[in-house]
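Enquirer: Compact mmCIF, C-alpha atoms, saved as structure21.txt, coming up:
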# COMPACT_ATOMS: atom_id res chain seq x y z
CA MET L 1 -23.98 10.85 -47.32
CA VAL L 2 -26.98 12.44 -45.60
CA MET L 3 -28.93 14.67 -47.99
CA ILE L 4 -31.52 17.40 -47.83
CA ILE L 5 -34.31 16.21 -50.12
CA GLY L 6 -36.95 18.61 -51.40
CA MET L 7 -40.14 16.76 -52.31
CA ILE L 8 -42.17 18.67 -54.89
CA GLY L 9 -45.52 17.00 -54.43
CA SER L 10 -46.68 14.83 -51.55
CA GLY L 11 -49.18 12.42 -53.08
CA ASN L 12 -48.96 8.63 -52.90
CA ILE L 13 -45.52 8.31 -54.48
CA GLY L 14 -44.04 11.49 -53.01
CA SER L 15 -45.20 10.83 -49.46
CA THR L 16 -44.01 7.21 -49.56
CA LEU L 17 -40.58 8.13 -50.91
CA GLY L 18 -40.16 10.99 -48.46
CA LYS L 19 -41.18 8.85 -45.49
CA ASN L 20 -38.74 6.12 -46.50
CA TRP L 21 -35.85 8.51 -47.05
CA ALA L 22 -36.50 10.09 -43.67
CA GLU L 23 -36.40 6.61 -42.13
CA ALA L 24 -33.04 6.11 -43.87
CA GLY L 25 -31.73 9.23 -42.13
CA HIS L 26 -32.10 11.95 -44.75
CA HIS L 27 -33.66 15.36 -44.10
CA VAL L 28 -36.90 15.60 -46.04
CA MET L 29 -38.90 18.70 -46.92
CA PHE L 30 -42.44 17.85 -48.00
CA SER L 31 -44.19 20.52 -50.03
CA SER L 32 -47.67 21.50 -51.07
CA ARG L 33 -49.54 24.57 -52.19
CA HIS L 34 -51.24 24.17 -48.79
CA PRO L 35 -48.48 22.98 -46.43
CA GLU L 36 -50.80 23.01 -43.42
CA GLU L 37 -52.51 20.00 -44.99
CA LEU L 38 -49.28 18.02 -44.59
CA ASN L 39 -49.20 18.18 -40.80
CA GLN L 40 -50.74 14.74 -40.41
CA LEU L 41 -48.14 13.32 -42.79
CA VAL L 42 -45.08 14.72 -41.01
CA VAL L 43 -46.25 14.07 -37.44
CA GLY L 44 -44.72 10.85 -36.24
CA ILE L 45 -42.16 10.43 -39.00
CA GLY L 46 -39.39 12.14 -37.06
CA SER L 47 -37.55 15.36 -36.41
CA ASN L 48 -35.83 15.23 -39.80
CA VAL L 49 -38.97 16.11 -41.80
CA LYS L 50 -41.01 19.26 -42.18
CA ALA L 51 -43.89 20.60 -44.23
CA CYS L 52 -43.24 23.61 -46.46
CA SER L 53 -44.64 25.58 -49.34
CA ILE L 54 -43.31 24.72 -52.79
CA LYS L 55 -41.59 28.12 -52.87
CA ASP L 56 -39.81 27.46 -49.56
CA VAL L 57 -38.58 24.07 -50.74
CA PHE L 58 -37.15 25.44 -53.98
CA GLU L 59 -35.43 28.23 -52.04
CA ALA L 60 -33.94 25.86 -49.46
CA ASP L 61 -30.85 24.89 -51.46
CA ALA L 62 -31.61 21.18 -51.16
CA ASP L 63 -29.13 18.57 -52.33
CA VAL L 64 -31.73 17.03 -54.62
CA TYR L 65 -35.26 17.91 -55.70
CA VAL L 66 -37.75 15.13 -56.38
CA LEU L 67 -40.56 15.92 -58.81
CA ALA L 68 -43.54 13.91 -57.60
CA MET L 69 -46.38 16.16 -58.70
CA PRO L 70 -48.72 15.70 -61.70
CA PHE L 71 -46.94 15.94 -65.03
CA TYR L 72 -48.99 18.95 -66.16
CA ALA L 73 -47.31 21.09 -63.46
CA ILE L 74 -43.83 20.77 -65.00
CA ASP L 75 -44.13 23.78 -67.29
CA LYS L 76 -45.31 26.22 -64.63
CA LEU L 77 -42.95 25.03 -61.90
CA SER L 78 -39.90 25.19 -64.16
CA GLU L 79 -40.75 28.77 -65.10
CA LEU L 80 -41.62 30.00 -61.60
CA TYR L 81 -38.55 28.62 -59.85
CA ALA L 82 -35.94 28.70 -62.60
CA GLY L 83 -33.52 30.67 -60.44
CA GLU L 84 -33.74 28.29 -57.49
CA TYR L 85 -32.86 24.85 -58.86
CA ALA L 86 -29.85 25.79 -61.01
CA ASP L 87 -26.86 23.45 -60.71
CA THR L 88 -28.78 20.94 -58.60
CA THR L 89 -29.96 17.40 -59.26
CA ILE L 90 -33.60 16.68 -60.01
CA ILE L 91 -35.09 13.19 -59.83
CA ASP L 92 -38.20 13.04 -61.98
CA VAL L 93 -40.75 10.47 -60.83
CA THR L 94 -43.63 11.91 -62.87
CA ASN L 95 -45.59 10.22 -65.64
CA PRO L 96 -47.57 11.84 -68.47
CA TYR L 97 -51.18 10.67 -68.42
CA PRO L 98 -53.34 12.28 -71.12
CA HIS L 99 -56.58 11.58 -69.22
CA ARG L 100 -55.25 13.68 -66.32
CA ASP L 101 -52.61 15.96 -67.82
CA GLY L 102 -54.30 16.85 -71.07
CA ASP L 103 -52.84 17.58 -74.49
CA MET L 104 -49.29 18.25 -73.26
CA ALA L 105 -49.03 14.66 -72.02
CA LYS L 106 -50.30 13.24 -75.30
CA GLU L 107 -47.86 15.41 -77.24
CA VAL L 108 -44.93 14.20 -75.13
CA LEU L 109 -45.91 10.54 -75.48
CA ASP L 110 -46.19 10.96 -79.26
CA ALA L 111 -43.01 13.03 -79.65
CA ASN L 112 -39.55 11.96 -80.83
CA TYR L 113 -38.26 12.59 -77.30
CA ASN L 114 -39.39 10.90 -74.09
CA ALA L 115 -40.91 12.22 -70.86
CA SER L 116 -37.64 12.52 -68.94
CA GLU L 117 -36.04 14.44 -71.80
CA TYR L 118 -38.99 16.81 -71.73
CA THR L 119 -38.44 17.42 -68.02
CA ALA L 120 -34.73 17.96 -68.60
CA MET L 121 -35.48 20.53 -71.28
CA LYS L 122 -37.84 22.41 -68.98
CA PHE L 123 -35.51 22.28 -65.94
CA GLY L 124 -32.58 23.04 -68.18
CA THR L 125 -30.15 24.48 -65.60
CA ALA L 126 -30.36 21.37 -63.41
CA LYS L 127 -29.24 17.80 -64.05
CA THR L 128 -32.11 15.37 -64.35
CA ALA L 129 -32.50 11.71 -63.48
CA LYS L 130 -35.56 9.50 -63.95
CA ALA L 131 -36.55 6.93 -61.34
CA PHE L 132 -39.44 5.48 -59.32
CA ASN L 133 -42.00 6.14 -62.07
CA THR L 134 -42.39 2.51 -63.10
CA ILE L 135 -43.24 0.95 -59.74
CA PRO L 136 -46.81 1.12 -58.35
CA ALA L 137 -47.17 3.17 -55.18
CA ASP L 138 -48.33 0.15 -53.15
CA ASP L 139 -45.24 -1.81 -54.16
CA LEU L 140 -42.99 1.14 -53.39
CA ASP L 141 -44.32 0.98 -49.84
CA LYS L 142 -44.41 -2.82 -49.58
CA PHE L 143 -40.88 -3.53 -50.81
CA ALA L 144 -38.93 -0.67 -49.23
CA PHE L 145 -36.35 -2.09 -46.81
CA ASN L 146 -37.61 -5.58 -47.72
CA THR L 147 -34.53 -7.81 -47.63
CA LYS L 148 -36.48 -11.05 -48.16
CA GLU L 149 -38.19 -9.93 -51.36
CA LYS L 150 -35.79 -7.31 -52.66
CA VAL L 151 -36.78 -5.67 -55.92
CA ALA L 152 -34.96 -3.44 -58.38
CA ILE L 153 -35.62 0.10 -59.56
CA PRO L 154 -34.60 1.12 -63.10
CA PHE L 155 -33.26 4.62 -63.51
CA ALA L 156 -31.64 6.89 -66.09
CA ALA L 157 -29.43 9.90 -65.47
CA GLN L 158 -28.15 12.93 -67.32
CA ASP L 159 -24.66 13.05 -65.82
CA GLU L 160 -22.38 11.32 -63.30
CA MET L 161 -23.58 13.34 -60.31
CA SER L 162 -27.29 12.69 -60.93
CA LYS L 163 -26.42 9.03 -61.47
CA LYS L 164 -24.52 8.80 -58.20
CA ILE L 165 -27.25 10.53 -56.20
CA SER L 166 -29.98 8.35 -57.72
CA GLU L 167 -28.04 5.17 -57.01
CA GLN L 168 -27.61 6.13 -53.38
CA LEU L 169 -31.21 7.16 -52.81
CA ILE L 170 -32.51 3.96 -54.41
CA SER L 171 -30.14 1.82 -52.34
CA ASP L 172 -30.79 3.70 -49.11
CA ILE L 173 -34.42 2.54 -48.98
CA GLY L 174 -33.67 -1.08 -49.76
CA PHE L 175 -33.96 -1.39 -53.53
CA ASP L 176 -31.40 -2.49 -56.12
CA PRO L 177 -30.60 0.35 -58.54
CA VAL L 178 -30.42 -0.63 -62.22
CA TYR L 179 -28.87 2.00 -64.46
CA ILE L 180 -30.37 1.77 -67.93
CA GLY L 181 -28.39 4.65 -69.46
CA ASN L 182 -28.88 8.33 -70.18
CA LEU L 183 -32.24 10.04 -70.51
CA SER L 184 -32.61 9.12 -74.17
CA ASP L 185 -32.73 5.46 -73.08
CA SER L 186 -35.61 5.98 -70.67
CA ARG L 187 -38.56 5.68 -73.06
CA ILE L 188 -38.95 2.05 -71.97
CA MET L 189 -39.90 3.48 -68.55
CA ASP L 190 -42.75 5.66 -69.87
CA PRO L 191 -46.44 4.72 -69.39
CA ASN L 192 -47.52 1.72 -71.48
CA GLU L 193 -43.91 0.89 -72.32
CA ASP L 194 -42.03 -2.28 -71.42
CA LEU L 195 -40.81 -1.50 -67.90
CA TYR L 196 -43.80 0.51 -66.74
CA GLY L 197 -45.91 -1.05 -64.00
CA HIS L 198 -43.53 -3.96 -63.35
CA THR L 199 -42.05 -4.79 -59.95
CA LEU L 200 -39.16 -7.18 -60.51
CA PRO L 201 -36.12 -8.49 -58.64
CA LEU L 202 -32.68 -7.60 -59.92
CA LYS L 203 -32.02 -10.56 -62.22
CA GLU L 204 -35.46 -10.48 -63.81
CA LEU L 205 -35.24 -6.76 -64.46
CA ASN L 206 -31.78 -7.07 -65.97
CA ASP L 207 -32.94 -9.98 -68.14
CA LYS L 208 -35.93 -7.97 -69.33
CA ILE L 209 -33.79 -4.97 -70.23
CA LYS L 210 -31.30 -7.22 -72.02
CA SER L 211 -34.08 -8.83 -74.08
CA LEU L 212 -35.44 -5.42 -75.05
CA ARG L 213 -32.04 -4.32 -76.31
CA GLN L 214 -31.74 -7.42 -78.47
CA VAL L 215 -34.97 -6.67 -80.33
The structure in this file should be written as structure tokens.
Expert:
Amino acid sequence: MVMIIGMIGSGNIGSTLGKNWAEAGHHVMFSSRHPEELNQLVVGIGSNVKACSIKDVFEADADVYVLAMPFYAIDKLSELYAGEYADTTIIDVTNPYPHRDGDMAKEVLDANYNASEYTAMKFGTAKTAKAFNTIPADDLDKFAFNTKEKVAIPFAAQDEMSKKISEQLISDIGFDPVYIGNLSDSRIMDPNEDLYGHTLPLKELNDKIKSLRQV
């Protein structure tokens, strides 16, 4: 199924994901507070991409929104656009980094809930999945569509629809999706946790997750 994908944030991870999904045939809306700065990014990718303001993307009734901005922006974005993302799927690729995101990131990392659950609470009228936050940006670019060295992407999802969409979007750009469970299971994907920063093929990732669950 071809999707309209709204990219909220167009940094290293967001631009790489959007470019790859466009190559896979999806319609991608890149966003920024200054969309004119995205012209160089969208030129040459294809006719199925465009640069927009964040407001325009949230109002576009996309099939899925991908949060690829700094973690500290979650609170403000969820408040500003609460009426626009209701009943949609959100894929959260953000990570809380206290050195960049401040006290809110430290509080989330120290809380009895994890980062994806925090996002789900803030974007409460949508259904949230967590993916692409564990793989380094360089590897996300290097291993996309790489059939010789195929790697796996762990993800968690809040419901069946967000799970199905995440599985497809991971598969569409040449990775093996590995469902680890619902959002409460995704702490192992947070910064400094066991899956964070690792780029692994399917069997090794499954073995690692299995060993963690036996502890």
Enquirer: Name all residues at most 8 Å from stretch 196-201 of chain L (count all atoms listed in the file; drop same-chain ones fewer than 2 positions away) and give them as a list in words.
Expert: Asn133, Thr134, Ile135, Pro136, Asp139, Glu149, Lys150, Val151, Ala152, Ile188, Met189, Asp190, Pro191, Asn192, Glu193, Asp194, Lys203, Glu204 and Leu205 of chain L
Enquirer: Those residues with C-alpha atoms, as a compact mmCIF listing (two decimals), in the coordinates of the input please?
Expert:
# COMPACT_ATOMS: atom_id res chain seq x y z
CA ASN L 133 -42.00 6.14 -62.07
CA THR L 134 -42.39 2.51 -63.10
CA ILE L 135 -43.24 0.95 -59.74
CA PRO L 136 -46.81 1.12 -58.35
CA ASP L 139 -45.24 -1.81 -54.16
CA GLU L 149 -38.19 -9.93 -51.36
CA LYS L 150 -35.79 -7.31 -52.66
CA VAL L 151 -36.78 -5.67 -55.92
CA ALA L 152 -34.96 -3.44 -58.38
CA ILE L 188 -38.95 2.05 -71.97
CA MET L 189 -39.90 3.48 -68.55
CA ASP L 190 -42.75 5.66 -69.87
CA PRO L 191 -46.44 4.72 -69.39
CA ASN L 192 -47.52 1.72 -71.48
CA GLU L 193 -43.91 0.89 -72.32
CA ASP L 194 -42.03 -2.28 -71.42
CA LYS L 203 -32.02 -10.56 -62.22
CA GLU L 204 -35.46 -10.48 -63.81
CA LEU L 205 -35.24 -6.76 -64.46
Enquirer: Which residue gives the smallest distance to L:Ala82 among L:Lys122, L:His27, L:Lys127, L:Lys50, with all atoms listed in the file counted?
Expert: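 Counting all atoms listed in the file, the residue closest to L:Ala82 is L:Lys122.
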Enquirer: Using all atoms listed in the file, which residue out of L:Ala73, L:Ala137, L:Ala126, L:Ile165 lies closest to L:Asp101?
Expert: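 The closest residue to L:Asp101 is L:Ala73.
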Enquirer: Which residue out of L:Ala68, L:Cys52, L:Ile4, L:Leu77 has the minimum interatomic distance to L:Trp21 when all atoms listed in the file are used?
Expert: L:Ile4
Enquirer: Do you have the atom CA of L:Ser15-atom CA of L:Ile180 distance handy?
Expert: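 Answer for the atom CA of L:Ser15 to atom CA of L:Ile180 separation: 25.4 Å.
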Enquirer: I'd like to know which of L:Arg187, L:Lys76, L:His34, L:Lys55 is closest to L:Pro96, using all atoms listed in the file.
Expert: L:Arg187
Enquirer: Could you pull the residues within 9 Å of L:Lys106, counting all atoms listed in the file, minus those fewer than 6 positions along the same chain, as number ranges by chain?
Expert: L: 96-99
Enquirer: Skipping near chain neighbours, those fewer than 3 positions away, what residues fall within 9 Å of L:Tyr85 using all atoms listed in the file, listed as number ranges by chain?
Expert: L: 58-59, 61-62, 64-65, 78, 81-82, 88-90, 123, 125-126
Enquirer: Which residue gives the smallest distance to L:Ala144 among L:Asp207, L:Asp75, L:Asp172, L:Glu36, with all atoms listed in the file counted?
Expert: L:Asp172
Enquirer: Could you work out how far atom CA of L:Ala24 lies from atom CA of L:Ile173, giving the answer in Å with one decimal?
Expert: 6.4 Å
Enquirer: Using only C-alpha atoms, which residue out of L:Val178, L:Ala105, L:Ile5, L:Val28 lies closest to L:Pro70?
Expert: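 For L:Pro70, the nearest of the given residues is L:Ala105.
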Enquirer: Work out how far atom CA of L:Val93 is from atom CA of L:Ala131, in Å to one decimal.
Expert: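 Straight-line distance from atom CA of L:Ala131 to atom CA of L:Val93 works out to 5.5 Å.
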Enquirer: Taking every listed atom of stretch 184-190 of chain L and adding 6 Å to each side, what centre and edge lengths in Å (one decimal) does the axis-aligned box have, as JSON?
Expert:
{"center_x": -37.7, "center_y": 5.6, "center_z": -71.4, "size_x": 22.1, "size_y": 19.1, "size_z": 17.6}
Enquirer: Using the partial input, fill out stretch 23-40 of chain L with N, CA and C atoms; write the result as a short mmCIF file (atom, residue, chain, number, x, y, z; two decimals), in the coordinates of the input.
Expert:
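Contents of part28.cif, freshly written:
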data_model
loop_
_atom_site.label_atom_id
_atom_site.label_comp_id
_atom_site.auth_asym_id
_atom_site.auth_seq_id
_atom_site.Cartn_x
_atom_site.Cartn_y
_atom_site.Cartn_z
N GLU L 23 -36.74 7.79 -42.93
CA GLU L 23 -36.40 6.61 -42.13
C GLU L 23 -34.95 6.20 -42.34
N ALA L 24 -34.44 6.43 -43.56
CA ALA L 24 -33.04 6.11 -43.87
C ALA L 24 -32.06 7.15 -43.33
N GLY L 25 -32.58 8.25 -42.76
CA GLY L 25 -31.73 9.23 -42.13
C GLY L 25 -31.55 10.54 -42.86
N HIS L 26 -32.20 10.70 -44.01
CA HIS L 26 -32.10 11.95 -44.75
C HIS L 26 -33.05 13.01 -44.18
N HIS L 27 -32.78 14.27 -44.49
CA HIS L 27 -33.66 15.36 -44.10
C HIS L 27 -34.62 15.64 -45.26
N VAL L 28 -35.90 15.55 -44.98
CA VAL L 28 -36.90 15.60 -46.04
C VAL L 28 -37.82 16.80 -45.84
N MET L 29 -37.97 17.57 -46.91
CA MET L 29 -38.90 18.70 -46.92
C MET L 29 -40.07 18.34 -47.83
N PHE L 30 -41.23 18.10 -47.23
CA PHE L 30 -42.44 17.85 -48.00
C PHE L 30 -43.05 19.18 -48.41
N SER L 31 -43.62 19.24 -49.60
CA SER L 31 -44.19 20.52 -50.03
C SER L 31 -45.59 20.34 -50.59
N SER L 32 -46.33 21.44 -50.52
CA SER L 32 -47.67 21.50 -51.07
C SER L 32 -48.04 22.96 -51.24
N ARG L 33 -49.01 23.21 -52.10
CA ARG L 33 -49.54 24.57 -52.19
C ARG L 33 -50.23 24.95 -50.88
N HIS L 34 -50.61 23.94 -50.10
CA HIS L 34 -51.24 24.17 -48.79
C HIS L 34 -50.50 23.32 -47.76
N PRO L 35 -49.33 23.79 -47.32
CA PRO L 35 -48.48 22.98 -46.43
C PRO L 35 -49.14 22.59 -45.12
N GLU L 36 -50.12 23.35 -44.67
CA GLU L 36 -50.80 23.01 -43.42
C GLU L 36 -51.53 21.67 -43.54
N GLU L 37 -51.84 21.28 -44.78
CA GLU L 37 -52.51 20.00 -44.99
C GLU L 37 -51.57 18.81 -44.84
N LEU L 38 -50.28 19.08 -44.71
CA LEU L 38 -49.28 18.02 -44.59
C LEU L 38 -48.94 17.69 -43.15
N ASN L 39 -49.56 18.38 -42.21
CA ASN L 39 -49.20 18.18 -40.80
C ASN L 39 -49.39 16.74 -40.35
N GLN L 40 -50.48 16.13 -40.80
CA GLN L 40 -50.74 14.74 -40.41
C GLN L 40 -49.68 13.81 -40.98
#
